[in-house]
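J.: Take this structure first; my questions come after.
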Amino acid sequence: MATPRPIRSMDPYAEQFWTFTQKKEFRLQKCSECGKFRWPPGPTCDRCLSDEYAWTPMAGRGKVLSWTTFHRGYFPEYPAPHTVMVLELDEGPLFVAYPVEMAPEDLREGIVLSLRWTDGQDEFGEYNLPVFGPLAK
Amino acid sequence: MAISFDQTRLAPLKNSVAVVGVGETDYGSDYRGAGGKAVAKGEARYDSYTLASRALKRALDDAGLNKDDIDGLCVANLSSERACEVWGMNPRWSGGGDAAQCIIEATMAINCGLCTTVALVYGNAQRSMNTAYGGSRVTGGGITSYFYYAPWGLTSQGALYALLFQRHKLLYGTTEEQLGAIAVAFRKHACMNPNAVMQKPITIDDYLNARYVAEPLRLFDYCLINDGGVAIIVRRADMVSDCRHPPIMVSGFGWSEENVDATQLRPRLKDFYHTAHRDVAAQVYPMAGVTPQDIDVFATYDSFSVHLLASLEGFGFCKEGEGGAFVQEGRIEVGGELPCNTSGGMLSESYMQSWNHQPELVRQLRGGLGQRQVQGAEVAQYVHDVAGKCKSIIYTKGD
């Protein structure tokens with residue numbers, strides 16, 4: 001049984017994003033007209049309003065912009081302390097995740113981390129959650 | 001986005017509408033309860049209509065008007081239909097939203113000739129009703145950064161503002177001790193305000209010794225969760241002669257939203273919402289005919305202390321990155337260079353989601369607030385910035 005996690009916000013576009021994660025594919029929508037990546041998933045390009053897009057594989061690298069450590073437990077699935085960070089992906093979008101295979105104290109502004117997968121499930125089903133850890137040495 | 005406001009068309013709206021009445025509930029004594037015991041969350045005592053109704057009655061009394069003088073209504077956190085039914089009103093125009101939005105909307109409606117006298121009314125029984133602002137009771141809705149990242153364990157507005165402050169620390173070297181000056185100053189103001197929920201002063205050591213909630217934000221960086229209601233009566237400026245108090249003029253306003261890539265947190269972390277701040281500043285100051293140097297009393301939306309840093313930098317009271325230094329040495333306290341959130345704000349007076357700031361600014365301009373009165377106050381500014389939905393109002397004393 002996969003690890004229970006707080007419920008995802010689901011819509012037809014999020015559903016496609018999460019379906020790719022079942023195969024451990026980290027894909028975001030890229031506008032077929034102007035090339036802008038978007039996140040969260042949605043129906044149209046916010047830059048040019050084209051509804052043509054392709055689910056494009058991401059390099060899975062991002063640099064750390066900021067982080068926060070919860071000292072109060074909000075979710076039973078994430079007892080305190082729990083650290084969440086925001087990365088700027090190589091392709092441009094900002095992406096929220098939590099750090100793995102490293103101590104949260106070792107987070108620094110601008111360090112580059114790479115994609116890992118961890119399992120998850122909620123009432124919509126099982127999926128894999130993209131998280132980030134140190135680059136391979 | 002192109003700058004679309006037109007100062008020529010806005011100019012006639014300056015001082016066209018006045019605030020003639022304000023009313024609030026008894027934040028402090030309601031919180032402490034009849035027996036002096038604080039109301040526990042979820043211990044239902046009021047509903048939002050109870051609180052809104054009480055504030056409305058007080059605002060009408062303050063204005064020297066009665067409900068039949070009201071022909072326009074803006075409500076917040078209430079159903080307009082039910083509110084009208086409760087108060088026996090059939091308005092000729094209605095709107096709603098946050099306090100600054102309602103002031104702007106009402107000013108436009110009055111100038112369009114749709115109505116003359118508008119009641120702006122808010123009520124929130126959030127403590128009685130045990131409203132949640134984070135965790136599993138706010139997940140799974142639509143798309144917003146508030147709960148979109150629940151699968152990773154990110155939740156609550158507080159954590160989003162913690163991310164903003166952490167970014168500010170990383171970029172500018174702002175310290176937690178510097179941030180602490182905001183909570184200490186607002187608490188000091190609350191202790192001069194008998195209606196404030198919090199009445200016990202805190203020191204910077206108390207601040208630093210308090211627990212983190214979402215690090216780097218601590219307990220005292222967070223707003224209160226309390227019950228309350230606020231009402232504001234605004235009226236066409238040429239109809240104020242029969243009101244009880246001298247009019248306080250709506251002299252300028254501005255509105256700009258920064259929503260592109262909002263859920264991604266881009267405007268929050270890459271811009272501190274300064275693009276919206278600069279747009280609003282470019283509208284509100286010229287419309288009112290003042291500059292930041294002319295502001296005698298300032299109030300900002302403060303669900304979290306760090307809002308003030310972003311506002312001060314974005315509106316040009318200091319340079320970007322210098323907010324942490326600006327808020328030191330009593331500069332933001334009554335008697336200082338720019339007294340901010342003089343009622344105690346949402347951190348220490350009452351969490352009325354922008355609404356309690358308006359009566360405070362109006363009363364500061366009327367004068368006679370005792371200990372917390374800003375001497376000679378003639379120009380007051382409110383800045384509303386909730387996740388980049390930025391508005392500002394400048395109030396001045398009527399002639």
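A note on labels: chains of the structure tokens are A, B, ... as shown, every chain counts residues from 1, and ligands are counted from 1 in their shown order.
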Where does chain B meet chain A within 6 Å, residue by residue, with the nearest atom pair and distance in Å to one decimal for each, counting only C-alpha atoms, listed by chain and rising number, as JSON lines?
T.:
```
{"residue": "B:Gly135", "atom": "CA", "partner": "A:Tyr74", "partner_atom": "CA", "distance": 4.6}
{"residue": "B:Gly140", "atom": "CA", "partner": "A:Ser9", "partner_atom": "CA", "distance": 4.6}
{"residue": "B:Tyr148", "atom": "CA", "partner": "A:Ser9", "partner_atom": "CA", "distance": 5.8}
{"residue": "B:Ala150", "atom": "CA", "partner": "A:Pro6", "partner_atom": "CA", "distance": 5.5}
{"residue": "B:Pro151", "atom": "CA", "partner": "A:Pro6", "partner_atom": "CA", "distance": 4.9}
{"residue": "B:Trp152", "atom": "CA", "partner": "A:Ala97", "partner_atom": "CA", "distance": 5.9}
{"residue": "B:Leu163", "atom": "CA", "partner": "A:Trp67", "partner_atom": "CA", "distance": 5.6}
{"residue": "B:Arg167", "atom": "CA", "partner": "A:Ser66", "partner_atom": "CA", "distance": 5.3}
{"residue": "B:Tyr212", "atom": "CA", "partner": "A:His71", "partner_atom": "CA", "distance": 6.0}
{"residue": "B:Val213", "atom": "CA", "partner": "A:His71", "partner_atom": "CA", "distance": 5.1}
{"residue": "B:Ala214", "atom": "CA", "partner": "A:Phe70", "partner_atom": "CA", "distance": 4.4}
{"residue": "B:Glu215", "atom": "CA", "partner": "A:Thr69", "partner_atom": "CA", "distance": 5.0}
{"residue": "B:Gln264", "atom": "CA", "partner": "A:Leu94", "partner_atom": "CA", "distance": 5.5}
```
J.: Take the residues just selected and output them with N, CA and C atoms as a PDB file, in the first residue's frame.
T.:
```pdb
ATOM      1  N   GLY B 135      -4.322  23.142   6.921  1.00  0.00           N
ATOM      2  CA  GLY B 135      -4.558  21.743   7.260  1.00  0.00           C
ATOM      3  C   GLY B 135      -5.653  21.109   6.446  1.00  0.00           C
ATOM      4  N   GLY B 140      -8.235  20.401  -1.023  1.00  0.00           N
ATOM      5  CA  GLY B 140      -9.064  19.736  -2.016  1.00  0.00           C
ATOM      6  C   GLY B 140     -10.070  20.612  -2.729  1.00  0.00           C
ATOM      7  N   TYR B 148      -3.003  23.926  -2.857  1.00  0.00           N
ATOM      8  CA  TYR B 148      -2.635  23.091  -3.991  1.00  0.00           C
ATOM      9  C   TYR B 148      -1.506  22.135  -3.647  1.00  0.00           C
ATOM     10  N   ALA B 150      -0.848  20.645  -0.795  1.00  0.00           N
ATOM     11  CA  ALA B 150      -1.103  19.768   0.352  1.00  0.00           C
ATOM     12  C   ALA B 150      -0.417  18.404   0.218  1.00  0.00           C
ATOM     13  N   PRO B 151      -0.357  17.805  -0.990  1.00  0.00           N
ATOM     14  CA  PRO B 151       0.304  16.490  -1.087  1.00  0.00           C
ATOM     15  C   PRO B 151       1.763  16.524  -0.616  1.00  0.00           C
ATOM     16  N   TRP B 152       2.409  17.682  -0.704  1.00  0.00           N
ATOM     17  CA  TRP B 152       3.793  17.807  -0.233  1.00  0.00           C
ATOM     18  C   TRP B 152       3.844  18.294   1.227  1.00  0.00           C
ATOM     19  N   LEU B 163       7.533  31.647   3.493  1.00  0.00           N
ATOM     20  CA  LEU B 163       8.386  31.496   2.301  1.00  0.00           C
ATOM     21  C   LEU B 163       8.823  32.865   1.786  1.00  0.00           C
ATOM     22  N   ARG B 167      12.715  34.230   1.771  1.00  0.00           N
ATOM     23  CA  ARG B 167      13.345  34.754   0.549  1.00  0.00           C
ATOM     24  C   ARG B 167      13.953  36.137   0.822  1.00  0.00           C
ATOM     25  N   TYR B 212       8.188  28.893  16.899  1.00  0.00           N
ATOM     26  CA  TYR B 212       7.936  29.013  15.470  1.00  0.00           C
ATOM     27  C   TYR B 212       6.627  28.311  15.139  1.00  0.00           C
ATOM     28  N   VAL B 213       5.904  28.845  14.159  1.00  0.00           N
ATOM     29  CA  VAL B 213       4.773  28.104  13.596  1.00  0.00           C
ATOM     30  C   VAL B 213       5.246  27.534  12.254  1.00  0.00           C
ATOM     31  N   ALA B 214       5.427  28.411  11.265  1.00  0.00           N
ATOM     32  CA  ALA B 214       6.104  28.013  10.021  1.00  0.00           C
ATOM     33  C   ALA B 214       7.378  28.866   9.990  1.00  0.00           C
ATOM     34  N   GLU B 215       8.489  28.248  10.373  1.00  0.00           N
ATOM     35  CA  GLU B 215       9.765  28.969  10.452  1.00  0.00           C
ATOM     36  C   GLU B 215      10.108  29.562   9.090  1.00  0.00           C
ATOM     37  N   GLN B 264       2.087  29.259  -8.575  1.00  0.00           N
ATOM     38  CA  GLN B 264       3.518  28.916  -8.602  1.00  0.00           C
ATOM     39  C   GLN B 264       4.323  29.706  -7.578  1.00  0.00           C
TER      40      GLN B 264
END
```
J.: When DSSP works through the backbone of this structure, what residues of region 19-234 of chain B end up as strand (DSSP E), shown as a PyMOL selection string?
T.: chain B and resi 19-24+72-76+93-96+117-124+212-215+217-218+228-234
J.: Selected residues, N, CA and C atoms, written as a short mmCIF file (atom, residue, chain, number, x, y, z; two decimals), in the first residue's frame, please.
T.:
```cif
data_model
loop_
_atom_site.label_atom_id
_atom_site.label_comp_id
_atom_site.auth_asym_id
_atom_site.auth_seq_id
_atom_site.Cartn_x
_atom_site.Cartn_y
_atom_site.Cartn_z
N VAL B 19 -16.25 59.40 4.45
CA VAL B 19 -16.63 58.45 5.50
C VAL B 19 -17.29 59.26 6.61
N VAL B 20 -18.54 58.91 6.92
CA VAL B 20 -19.27 59.68 7.93
C VAL B 20 -19.57 58.86 9.18
N GLY B 21 -19.40 57.56 9.12
CA GLY B 21 -19.67 56.75 10.31
C GLY B 21 -18.85 55.48 10.31
N VAL B 22 -18.41 55.09 11.50
CA VAL B 22 -17.71 53.80 11.65
C VAL B 22 -18.23 53.10 12.89
N GLY B 23 -18.26 51.79 12.85
CA GLY B 23 -18.71 51.02 14.02
C GLY B 23 -17.99 49.69 14.08
N GLU B 24 -17.66 49.29 15.28
CA GLU B 24 -16.98 48.00 15.48
C GLU B 24 -17.59 47.30 16.68
N GLY B 72 -27.33 52.12 -0.61
CA GLY B 72 -26.39 51.19 -1.23
C GLY B 72 -25.76 50.33 -0.15
N LEU B 73 -25.39 49.11 -0.50
CA LEU B 73 -24.87 48.20 0.52
C LEU B 73 -23.72 47.36 -0.06
N CYS B 74 -22.62 47.29 0.70
CA CYS B 74 -21.56 46.33 0.38
C CYS B 74 -21.41 45.43 1.59
N VAL B 75 -21.43 44.13 1.38
CA VAL B 75 -21.20 43.22 2.50
C VAL B 75 -20.00 42.34 2.21
N ALA B 76 -19.38 41.87 3.28
CA ALA B 76 -18.24 40.96 3.15
C ALA B 76 -18.41 39.83 4.13
N TRP B 93 -28.24 49.59 -4.97
CA TRP B 93 -26.97 49.11 -5.53
C TRP B 93 -26.30 48.26 -4.46
N SER B 94 -25.59 47.21 -4.86
CA SER B 94 -24.84 46.45 -3.86
C SER B 94 -23.53 45.94 -4.45
N GLY B 95 -22.55 45.80 -3.57
CA GLY B 95 -21.23 45.30 -3.96
C GLY B 95 -20.67 44.49 -2.82
N GLY B 96 -19.38 44.25 -2.86
CA GLY B 96 -18.77 43.47 -1.79
C GLY B 96 -17.31 43.22 -2.05
N THR B 117 -25.60 56.98 -0.26
CA THR B 117 -25.13 56.67 1.08
C THR B 117 -25.02 55.15 1.19
N VAL B 118 -23.79 54.68 1.37
CA VAL B 118 -23.57 53.24 1.32
C VAL B 118 -23.07 52.73 2.67
N ALA B 119 -23.66 51.64 3.11
CA ALA B 119 -23.16 50.94 4.30
C ALA B 119 -22.26 49.81 3.82
N LEU B 120 -21.04 49.76 4.37
CA LEU B 120 -20.09 48.69 4.07
C LEU B 120 -19.99 47.86 5.34
N VAL B 121 -20.36 46.60 5.26
CA VAL B 121 -20.54 45.83 6.50
C VAL B 121 -19.87 44.46 6.41
N TYR B 122 -19.15 44.14 7.47
CA TYR B 122 -18.41 42.87 7.55
C TYR B 122 -18.70 42.23 8.90
N GLY B 123 -18.86 40.94 8.91
CA GLY B 123 -18.98 40.21 10.17
C GLY B 123 -18.30 38.88 10.02
N ASN B 124 -17.59 38.44 11.06
CA ASN B 124 -16.90 37.15 10.96
C ASN B 124 -16.84 36.49 12.33
N TYR B 212 8.19 28.89 16.90
CA TYR B 212 7.94 29.01 15.47
C TYR B 212 6.63 28.31 15.14
N VAL B 213 5.90 28.85 14.16
CA VAL B 213 4.77 28.10 13.60
C VAL B 213 5.25 27.53 12.25
N ALA B 214 5.43 28.41 11.27
CA ALA B 214 6.10 28.01 10.02
C ALA B 214 7.38 28.87 9.99
N GLU B 215 8.49 28.25 10.37
CA GLU B 215 9.77 28.97 10.45
C GLU B 215 10.11 29.56 9.09
N LEU B 217 8.64 32.27 10.59
CA LEU B 217 7.62 33.07 11.28
C LEU B 217 7.27 32.43 12.62
N ARG B 218 7.15 33.28 13.64
CA ARG B 218 6.82 32.82 14.99
C ARG B 218 5.38 33.17 15.32
N GLY B 228 -15.70 39.20 15.26
CA GLY B 228 -15.95 40.63 15.23
C GLY B 228 -16.74 41.07 14.02
N GLY B 229 -17.14 42.35 14.06
CA GLY B 229 -17.84 42.97 12.94
C GLY B 229 -17.39 44.41 12.82
N VAL B 230 -17.45 44.92 11.58
CA VAL B 230 -17.06 46.30 11.30
C VAL B 230 -18.07 46.86 10.31
N ALA B 231 -18.46 48.12 10.50
CA ALA B 231 -19.28 48.78 9.49
C ALA B 231 -18.76 50.19 9.25
N ILE B 232 -18.89 50.61 8.02
CA ILE B 232 -18.42 51.93 7.59
C ILE B 232 -19.55 52.55 6.78
N ILE B 233 -19.88 53.81 7.06
CA ILE B 233 -20.90 54.49 6.26
C ILE B 233 -20.19 55.56 5.42
N VAL B 234 -20.36 55.47 4.10
CA VAL B 234 -19.81 56.51 3.23
C VAL B 234 -20.97 57.23 2.53
#
```
J.: Please extract the residues of region 3-70 of chain A with a backbone DSSP assignment of helix (DSSP H, G or I) and present them as a list in words.
T.: Pro12, Tyr13, Ala14, Glu15, Gln16, Phe17, Trp18, Thr19, Phe20 and Thr21 of chain A
J.: Store the residues of this selection in a file with N, CA and C atoms, as a PDB file, in the first residue's frame.
T.:
```pdb
ATOM      1  N   PRO A  12      -9.381  18.082 -14.690  1.00  0.00           N
ATOM      2  CA  PRO A  12      -9.007  17.238 -15.834  1.00  0.00           C
ATOM      3  C   PRO A  12      -7.526  17.354 -16.208  1.00  0.00           C
ATOM      4  N   TYR A  13      -6.914  18.500 -15.960  1.00  0.00           N
ATOM      5  CA  TYR A  13      -5.507  18.703 -16.342  1.00  0.00           C
ATOM      6  C   TYR A  13      -4.575  18.142 -15.277  1.00  0.00           C
ATOM      7  N   ALA A  14      -4.923  18.356 -14.004  1.00  0.00           N
ATOM      8  CA  ALA A  14      -4.128  17.778 -12.915  1.00  0.00           C
ATOM      9  C   ALA A  14      -4.145  16.257 -13.032  1.00  0.00           C
ATOM     10  N   GLU A  15      -5.286  15.727 -13.424  1.00  0.00           N
ATOM     11  CA  GLU A  15      -5.419  14.282 -13.555  1.00  0.00           C
ATOM     12  C   GLU A  15      -4.392  13.729 -14.552  1.00  0.00           C
ATOM     13  N   GLN A  16      -4.181  14.461 -15.652  1.00  0.00           N
ATOM     14  CA  GLN A  16      -3.188  14.007 -16.636  1.00  0.00           C
ATOM     15  C   GLN A  16      -1.772  14.071 -16.056  1.00  0.00           C
ATOM     16  N   PHE A  17      -1.472  15.186 -15.334  1.00  0.00           N
ATOM     17  CA  PHE A  17      -0.145  15.315 -14.713  1.00  0.00           C
ATOM     18  C   PHE A  17       0.131  14.134 -13.798  1.00  0.00           C
ATOM     19  N   TRP A  18      -0.845  13.802 -12.956  1.00  0.00           N
ATOM     20  CA  TRP A  18      -0.625  12.737 -11.965  1.00  0.00           C
ATOM     21  C   TRP A  18      -0.582  11.354 -12.608  1.00  0.00           C
ATOM     22  N   THR A  19      -1.306  11.195 -13.725  1.00  0.00           N
ATOM     23  CA  THR A  19      -1.243   9.907 -14.423  1.00  0.00           C
ATOM     24  C   THR A  19       0.176   9.635 -14.920  1.00  0.00           C
ATOM     25  N   PHE A  20       0.848  10.668 -15.442  1.00  0.00           N
ATOM     26  CA  PHE A  20       2.249  10.479 -15.864  1.00  0.00           C
ATOM     27  C   PHE A  20       3.133  10.057 -14.687  1.00  0.00           C
ATOM     28  N   THR A  21       2.829  10.557 -13.485  1.00  0.00           N
ATOM     29  CA  THR A  21       3.691  10.215 -12.341  1.00  0.00           C
ATOM     30  C   THR A  21       3.598   8.730 -11.997  1.00  0.00           C
TER      31      THR A  21
END
```
J.: Give me the residues within 9 Å of Ser350 (chain B) as a ChimeraX atom specification, counting only C-alpha atoms and dropping any in the same chain fewer than 2 places off.
T.: /B:27-28,195-198,223-228,343-348,352-353,356
J.: For the residues in that selection, give me N, CA and C atoms as a compact mmCIF listing (two decimals), in the first residue's frame.
T.:
```txt
# COMPACT_ATOMS: atom_id res chain seq x y z
N TYR B 27 -14.14 43.87 20.41
CA TYR B 27 -13.22 42.76 20.14
C TYR B 27 -12.66 42.15 21.43
N GLY B 28 -12.15 43.04 22.29
CA GLY B 28 -11.46 42.56 23.48
C GLY B 28 -12.39 41.85 24.45
N ASN B 195 -10.09 48.59 23.13
CA ASN B 195 -10.94 47.64 22.41
C ASN B 195 -10.13 46.48 21.81
N ALA B 196 -8.81 46.52 21.93
CA ALA B 196 -7.98 45.48 21.31
C ALA B 196 -8.06 44.19 22.09
N VAL B 197 -7.94 43.09 21.37
CA VAL B 197 -7.95 41.77 22.02
C VAL B 197 -6.74 41.62 22.93
N MET B 198 -5.56 41.98 22.43
CA MET B 198 -4.32 41.77 23.20
C MET B 198 -3.99 43.02 24.01
N CYS B 223 -1.58 36.70 12.76
CA CYS B 223 -2.74 37.45 13.23
C CYS B 223 -3.53 36.61 14.23
N LEU B 224 -4.46 37.31 14.88
CA LEU B 224 -5.35 36.65 15.83
C LEU B 224 -6.42 35.87 15.07
N ILE B 225 -7.11 35.01 15.76
CA ILE B 225 -8.37 34.45 15.24
C ILE B 225 -9.43 34.82 16.27
N ASN B 226 -10.23 35.84 15.96
CA ASN B 226 -11.24 36.29 16.92
C ASN B 226 -12.51 36.67 16.17
N ASP B 227 -13.58 36.83 16.91
CA ASP B 227 -14.87 37.21 16.33
C ASP B 227 -14.98 38.73 16.25
N GLY B 228 -15.70 39.20 15.26
CA GLY B 228 -15.95 40.63 15.23
C GLY B 228 -16.74 41.07 14.02
N SER B 343 -3.89 50.77 15.72
CA SER B 343 -4.90 50.13 16.58
C SER B 343 -4.33 48.85 17.21
N GLY B 344 -3.18 48.42 16.71
CA GLY B 344 -2.67 47.09 17.06
C GLY B 344 -2.78 46.15 15.87
N GLY B 345 -3.58 46.58 14.89
CA GLY B 345 -3.68 45.81 13.65
C GLY B 345 -4.31 44.44 13.83
N MET B 346 -4.13 43.63 12.84
CA MET B 346 -4.72 42.29 12.88
C MET B 346 -3.85 41.35 13.72
N LEU B 347 -2.61 41.77 13.98
CA LEU B 347 -1.75 40.97 14.86
C LEU B 347 -2.21 41.08 16.31
N SER B 348 -2.66 42.26 16.73
CA SER B 348 -2.91 42.46 18.16
C SER B 348 -4.25 43.12 18.52
N MET B 352 -9.83 41.38 11.43
CA MET B 352 -11.04 41.67 10.68
C MET B 352 -10.75 41.76 9.18
N GLN B 353 -9.69 41.11 8.74
CA GLN B 353 -9.42 40.93 7.31
C GLN B 353 -9.53 42.24 6.52
N ASN B 356 -10.90 46.37 10.18
CA ASN B 356 -10.65 47.19 11.37
C ASN B 356 -9.66 48.32 11.11
```
J.: Quick one: residues within 6 Å of Ala63 (chain B), only C-alpha atoms counted, chain neighbours fewer than 2 positions away excluded, as a list in words?
T.: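 Near neighbours after the sequence-gap exclusion: Val20, Gly21, Leu60, Asp61, Leu65, Cys243 and Arg244 of chain B.
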J.: If you count only C-alpha atoms, which residues fall within 6 Å of region 276-286 of chain B, apart from same-chain ones fewer than 3 positions away, as number ranges by chain?
T.: B: 252-258, 273, 289-291, 314-315
J.: For the residues in the current selection, export C-alpha atoms as an mmCIF file, in the first residue's frame.
T.:
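Final output, part.cif:
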```
data_model
loop_
_atom_site.group_PDB
_atom_site.id
_atom_site.type_symbol
_atom_site.label_atom_id
_atom_site.label_comp_id
_atom_site.auth_asym_id
_atom_site.auth_seq_id
_atom_site.Cartn_x
_atom_site.Cartn_y
_atom_site.Cartn_z
ATOM 1 C CA GLY B 252 -7.302 58.784 -3.486
ATOM 2 C CA PHE B 253 -7.410 55.147 -4.380
ATOM 3 C CA GLY B 254 -5.563 52.631 -6.503
ATOM 4 C CA TRP B 255 -5.979 49.030 -7.535
ATOM 5 C CA SER B 256 -3.666 46.553 -9.237
ATOM 6 C CA GLU B 257 -3.467 42.781 -9.077
ATOM 7 C CA GLU B 258 -0.484 40.540 -9.666
ATOM 8 C CA TYR B 273 4.359 41.806 -5.201
ATOM 9 C CA GLY B 289 -2.069 64.952 -4.461
ATOM 10 C CA VAL B 290 0.341 63.664 -1.823
ATOM 11 C CA THR B 291 3.590 61.678 -1.628
ATOM 12 C CA GLY B 314 6.803 48.582 -2.578
ATOM 13 C CA PHE B 315 5.208 51.960 -1.869
#
```
J.: What's the 8 Å shell around Ser311 (chain B), counting only C-alpha atoms, without same-chain residues fewer than 5 positions away, as a list in words?
T.: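 Skipping anything fewer than 5 positions along the chain leaves His277, Thr300, Val383 and Asp385 of chain B.
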J.: Can you tell me which residues surround Met102 (chain A) at a distance of at most 8 Å, considering only C-alpha atoms, apart from same-chain residues fewer than 4 positions away, and format the answer as a PyMOL selection string?
T.: chain A and resi 106+133-134
J.: Go ahead and save the picked residues with N, CA and C atoms, as a PDB file, in the first residue's frame.
T.:
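And here's result-v1.pdb as it stands now:
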```pdb
ATOM      1  N   ASP A 106      20.734  21.857   5.556  1.00  0.00           N
ATOM      2  CA  ASP A 106      21.736  22.037   4.506  1.00  0.00           C
ATOM      3  C   ASP A 106      21.185  22.754   3.273  1.00  0.00           C
ATOM      4  N   GLY A 133      16.269  16.053  -4.281  1.00  0.00           N
ATOM      5  CA  GLY A 133      17.406  15.798  -3.409  1.00  0.00           C
ATOM      6  C   GLY A 133      18.697  16.221  -4.086  1.00  0.00           C
ATOM      7  N   PRO A 134      19.831  16.003  -3.403  1.00  0.00           N
ATOM      8  CA  PRO A 134      21.124  16.459  -3.926  1.00  0.00           C
ATOM      9  C   PRO A 134      21.437  15.847  -5.295  1.00  0.00           C
TER      10      PRO A 134
END
```
